[in-house]
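Heads up, the thing below is written out as C-alpha cells.
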Amino acid sequence: MSLRFVLDPDLTPHLRAAIVDLWTDVSNAGGAVGFVPPVTAADVRTIADPTFAGIAEGPDRLLVGYVGDRLVAVLVFSDNRFPLKAHWCVLKRVMVHPDTQGTGYGAALMREAARLGAEMGHEALHVTVRDGLGLDGFYRRLGYREIGRLPGALRVAPGDDRDEILMWLNLTADGLTGQTAR
C-alpha cells in the first residue's frame, strides 16, 4: 500500500498525540530520533512540544505520511533561522513506524521531502545521522553524501559515544551546491 503525504497538516491534539506515539515506538525500536530505549511518551514530549511550537508558530514545516488513516511517517523541515542559510534546510525527526520497515516507506518519505524541498526553493537538504546503525548507507542510496563528522558527539550510553554524521543532498540541477572548492 502506498503512502499518502500531507504537508503542513493541521497540528491538532490528535495529530500531536499520534506523532508522540510514533516517536515513542520508533525510539523504543532503536530508531535514532533523539532518544535511546527505553523511552516513554512523557520523555518524548520534552522534545516534541518545542518541535510542535516551531511548526505551529513557524518557520518549521511538517510532512506526514499515512497508510489509510494510520500515521506511519513523519519529518520536519527545520528552518535554519539564519538569513545566510535560507537557501537550504535541515530535515529532523525523520521516522517511519518500525512495523513498516522494509516496505520502502522511508525512501518514499525522503523522495517526497526532496521533491517538496525543491518546490519550496531550497537548494539542498541536510540530515544528521547517528553512526553505528547503518543509516548513512540508506541516505547514500538516496543521493546524500557525507560532508563531515562530529566525532563522539552523541553519547548513547556511558562508554558508548557515536559520531554524528553530516549528510547533504544537492537539489539544484548544476550539482555545485555544497561542493568543496578544490
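Chain labels A, B, ... are given in the sequence in which chains occur in the C-alpha cells; within each chain residues are numbered consecutively from 1, and ligands are likewise numbered from 1 in the order shown.
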Need the shell around A:Arg140: protein/DNA/RNA residues with any atom at most 10 Å away, counting only C-alpha atoms. Skip same-chain ones fewer than 6 positions apart. Format as JSON, numbers by chain?
{"A": [146, 167, 168, 169]}
Output all heavy atoms for every residue in the selection just made, as a short mmCIF file (atom, residue, chain, number, x, y, z; two decimals), in the first residue's frame.
```cif
data_model
loop_
_atom_site.label_atom_id
_atom_site.label_comp_id
_atom_site.auth_asym_id
_atom_site.auth_seq_id
_atom_site.Cartn_x
_atom_site.Cartn_y
_atom_site.Cartn_z
N GLU A 146 28.15 12.18 2.50
CA GLU A 146 28.72 12.58 3.79
C GLU A 146 29.58 13.81 3.58
O GLU A 146 30.45 13.83 2.71
CB GLU A 146 29.55 11.45 4.37
CG GLU A 146 30.11 11.78 5.74
CD GLU A 146 30.86 10.63 6.40
OE1 GLU A 146 30.51 9.45 6.16
OE2 GLU A 146 31.80 10.93 7.15
N MET A 167 25.15 14.81 6.53
CA MET A 167 24.88 14.38 5.15
C MET A 167 24.10 15.46 4.42
O MET A 167 23.32 16.19 5.02
CB MET A 167 24.15 13.04 5.14
CG MET A 167 24.98 11.96 5.86
SD MET A 167 24.43 10.29 5.55
CE MET A 167 25.18 10.01 3.94
N TRP A 168 24.33 15.54 3.10
CA TRP A 168 23.86 16.65 2.28
C TRP A 168 23.31 16.13 0.97
O TRP A 168 23.91 15.27 0.32
CB TRP A 168 25.07 17.54 2.00
CG TRP A 168 24.84 18.82 1.31
CD1 TRP A 168 24.95 19.04 -0.04
CD2 TRP A 168 24.52 20.07 1.90
NE1 TRP A 168 24.72 20.37 -0.31
CE2 TRP A 168 24.45 21.03 0.87
CE3 TRP A 168 24.29 20.48 3.21
CZ2 TRP A 168 24.15 22.36 1.10
CZ3 TRP A 168 24.00 21.81 3.44
CH2 TRP A 168 23.93 22.73 2.40
N LEU A 169 22.15 16.64 0.59
CA LEU A 169 21.58 16.32 -0.72
C LEU A 169 21.43 17.60 -1.52
O LEU A 169 20.71 18.52 -1.12
CB LEU A 169 20.20 15.67 -0.57
CG LEU A 169 19.50 15.32 -1.89
CD1 LEU A 169 20.25 14.22 -2.64
CD2 LEU A 169 18.06 14.93 -1.63
#
```
As a PDB file with all heavy atoms, in the first residue's frame, please: the residues near stretch 24-35 of chain A (cut-off 6 Å, only C-alpha atoms, same-chain neighbours under 5 positions excluded).
```
ATOM      1  N   ALA A  41       6.237   8.199  26.451  1.00  0.00           N
ATOM      2  CA  ALA A  41       5.632   9.342  25.757  1.00  0.00           C
ATOM      3  C   ALA A  41       5.963  10.643  26.482  1.00  0.00           C
ATOM      4  O   ALA A  41       6.198  11.670  25.844  1.00  0.00           O
ATOM      5  CB  ALA A  41       4.125   9.148  25.637  1.00  0.00           C
ATOM      6  N   ARG A  93      13.816  14.683  12.763  1.00  0.00           N
ATOM      7  CA  ARG A  93      12.804  13.732  13.237  1.00  0.00           C
ATOM      8  C   ARG A  93      12.268  12.872  12.102  1.00  0.00           C
ATOM      9  O   ARG A  93      11.078  12.601  12.009  1.00  0.00           O
ATOM     10  CB  ARG A  93      11.661  14.439  13.958  1.00  0.00           C
ATOM     11  CG  ARG A  93      12.087  15.453  14.988  1.00  0.00           C
ATOM     12  CD  ARG A  93      13.009  14.863  16.032  1.00  0.00           C
ATOM     13  NE  ARG A  93      13.545  15.962  16.837  1.00  0.00           N
ATOM     14  CZ  ARG A  93      14.768  16.005  17.307  1.00  0.00           C
ATOM     15  NH1 ARG A  93      15.614  15.023  17.082  1.00  0.00           N
ATOM     16  NH2 ARG A  93      15.172  17.022  18.026  1.00  0.00           N
ATOM     17  N   PRO A  98       8.177   1.394  13.068  1.00  0.00           N
ATOM     18  CA  PRO A  98       9.022   0.192  12.989  1.00  0.00           C
ATOM     19  C   PRO A  98       8.358  -0.994  12.297  1.00  0.00           C
ATOM     20  O   PRO A  98       9.044  -1.765  11.629  1.00  0.00           O
ATOM     21  CB  PRO A  98       9.321  -0.148  14.449  1.00  0.00           C
ATOM     22  CG  PRO A  98       9.021   1.073  15.227  1.00  0.00           C
ATOM     23  CD  PRO A  98       8.055   1.889  14.441  1.00  0.00           C
TER      24      PRO A  98
END
```
Report as a PDB file with N, CA and C atoms, in the first residue's frame all protein, DNA and RNA residues lying within 8 Å of A:Ser78, evaluated on only C-alpha atoms, omitting residues in the same chain fewer than 2 positions from it.
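Output (out26.pdb):
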```
ATOM      1  N   PRO A  59       9.031  28.902  11.894  1.00  0.00           N
ATOM      2  CA  PRO A  59       9.005  28.740  10.446  1.00  0.00           C
ATOM      3  C   PRO A  59       9.143  27.297   9.965  1.00  0.00           C
ATOM      4  N   ASP A  60       9.149  26.317  10.907  1.00  0.00           N
ATOM      5  CA  ASP A  60       9.331  24.928  10.504  1.00  0.00           C
ATOM      6  C   ASP A  60       8.064  24.389   9.846  1.00  0.00           C
ATOM      7  N   ARG A  61       8.236  23.305   9.083  1.00  0.00           N
ATOM      8  CA  ARG A  61       7.111  22.701   8.364  1.00  0.00           C
ATOM      9  C   ARG A  61       7.111  21.204   8.601  1.00  0.00           C
ATOM     10  N   VAL A  76      10.382  16.729   9.745  1.00  0.00           N
ATOM     11  CA  VAL A  76      10.240  18.172   9.912  1.00  0.00           C
ATOM     12  C   VAL A  76      11.264  18.863   9.022  1.00  0.00           C
ATOM     13  N   ASN A  80      16.665  27.119   9.198  1.00  0.00           N
ATOM     14  CA  ASN A  80      17.931  27.432   9.865  1.00  0.00           C
ATOM     15  C   ASN A  80      17.880  28.696  10.727  1.00  0.00           C
ATOM     16  N   CYS A  89      17.788  23.649   4.097  1.00  0.00           N
ATOM     17  CA  CYS A  89      17.195  23.373   5.404  1.00  0.00           C
ATOM     18  C   CYS A  89      17.636  22.006   5.906  1.00  0.00           C
ATOM     19  N   VAL A  90      17.364  21.803   7.185  1.00  0.00           N
ATOM     20  CA  VAL A  90      17.693  20.552   7.860  1.00  0.00           C
ATOM     21  C   VAL A  90      16.419  19.729   7.991  1.00  0.00           C
ATOM     22  N   LEU A  91      16.511  18.461   7.677  1.00  0.00           N
ATOM     23  CA  LEU A  91      15.403  17.545   7.922  1.00  0.00           C
ATOM     24  C   LEU A  91      15.631  16.916   9.291  1.00  0.00           C
ATOM     25  N   LYS A  92      14.628  17.032  10.155  1.00  0.00           N
ATOM     26  CA  LYS A  92      14.733  16.494  11.511  1.00  0.00           C
ATOM     27  C   LYS A  92      13.590  15.532  11.779  1.00  0.00           C
TER      28      LYS A  92
END
```
Strand (DSSP E or B) per DSSP on the backbone: members of stretch 27-75 of chain A, as a PyMOL selection string:
chain A and resi 61-67+70-75
Atomic separation - atom CA of A:His14 relative to atom CA of A:Val64, Å:
13.4 Å
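Taking stretch 45-83 of chain A and asking which residues DSSP calls helix (DSSP H, G or I) on the backbone, you get Arg45, Thr46, Ile47, Ala48, Asp49, Pro50, Thr51, Phe52, Ala53, Gly54, Ile55, Ala56 and Pro83 of chain A.
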For the contact check between stretch 48-132 of chain A and stretch 157-164 of chain A, emit one row per residue of stretch 48-132 of chain A within 7 Å, containing the shortest atom pair and the distance in Å rounded to one decimal, counting only C-alpha atoms, chain then rising number order, as JSON lines.
```
{"residue": "A:Thr128", "atom": "CA", "partner": "A:Glu164", "partner_atom": "CA", "distance": 6.3}
{"residue": "A:Val129", "atom": "CA", "partner": "A:Glu164", "partner_atom": "CA", "distance": 5.6}
{"residue": "A:Arg130", "atom": "CA", "partner": "A:Glu164", "partner_atom": "CA", "distance": 5.1}
{"residue": "A:Asp131", "atom": "CA", "partner": "A:Asp163", "partner_atom": "CA", "distance": 5.3}
```
Could you please take those selected residues and save all heavy atoms as a short mmCIF file (atom, residue, chain, number, x, y, z; two decimals), in the first residue's frame?
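Dumped everything to out-v4.cif:
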```
data_model
loop_
_atom_site.label_atom_id
_atom_site.label_comp_id
_atom_site.auth_asym_id
_atom_site.auth_seq_id
_atom_site.Cartn_x
_atom_site.Cartn_y
_atom_site.Cartn_z
N THR A 128 21.37 14.86 9.84
CA THR A 128 22.42 14.32 10.70
C THR A 128 22.03 12.90 11.05
O THR A 128 20.85 12.59 11.23
CB THR A 128 22.64 15.17 11.97
OG1 THR A 128 21.45 15.18 12.74
CG2 THR A 128 23.05 16.59 11.61
N VAL A 129 23.03 12.04 11.13
CA VAL A 129 22.80 10.61 11.30
C VAL A 129 23.67 10.09 12.43
O VAL A 129 24.85 10.41 12.51
CB VAL A 129 23.15 9.87 9.98
CG1 VAL A 129 22.98 8.38 10.11
CG2 VAL A 129 22.32 10.41 8.82
N ARG A 130 23.08 9.26 13.28
CA ARG A 130 23.84 8.59 14.35
C ARG A 130 24.62 7.44 13.75
O ARG A 130 24.05 6.54 13.14
CB ARG A 130 22.88 8.07 15.42
CG ARG A 130 23.59 7.44 16.60
CD ARG A 130 22.63 6.80 17.58
NE ARG A 130 21.62 7.74 18.06
CZ ARG A 130 20.55 7.37 18.75
NH1 ARG A 130 20.33 6.10 19.03
NH2 ARG A 130 19.68 8.28 19.15
N ASP A 131 25.93 7.46 13.92
CA ASP A 131 26.79 6.38 13.40
C ASP A 131 26.50 5.08 14.16
O ASP A 131 26.03 5.08 15.28
CB ASP A 131 28.26 6.78 13.56
CG ASP A 131 29.19 5.91 12.74
OD1 ASP A 131 28.74 5.25 11.79
OD2 ASP A 131 30.40 5.91 13.05
#
```
Just want the 7 Å neighbourhood of A:Gly106, counted on only C-alpha atoms, with same-chain residues fewer than 3 positions away dropped. Output as a PyMOL selection string.
chain A and resi 96+109-110
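Atom CA of A:Leu133 to atom CA of A:Arg115 spans 26.0 Å [interatomic distance, one decimal].
Relative to atom CA of A:Ala173, atom CA of A:Ala118 is found at 10.4 Å.
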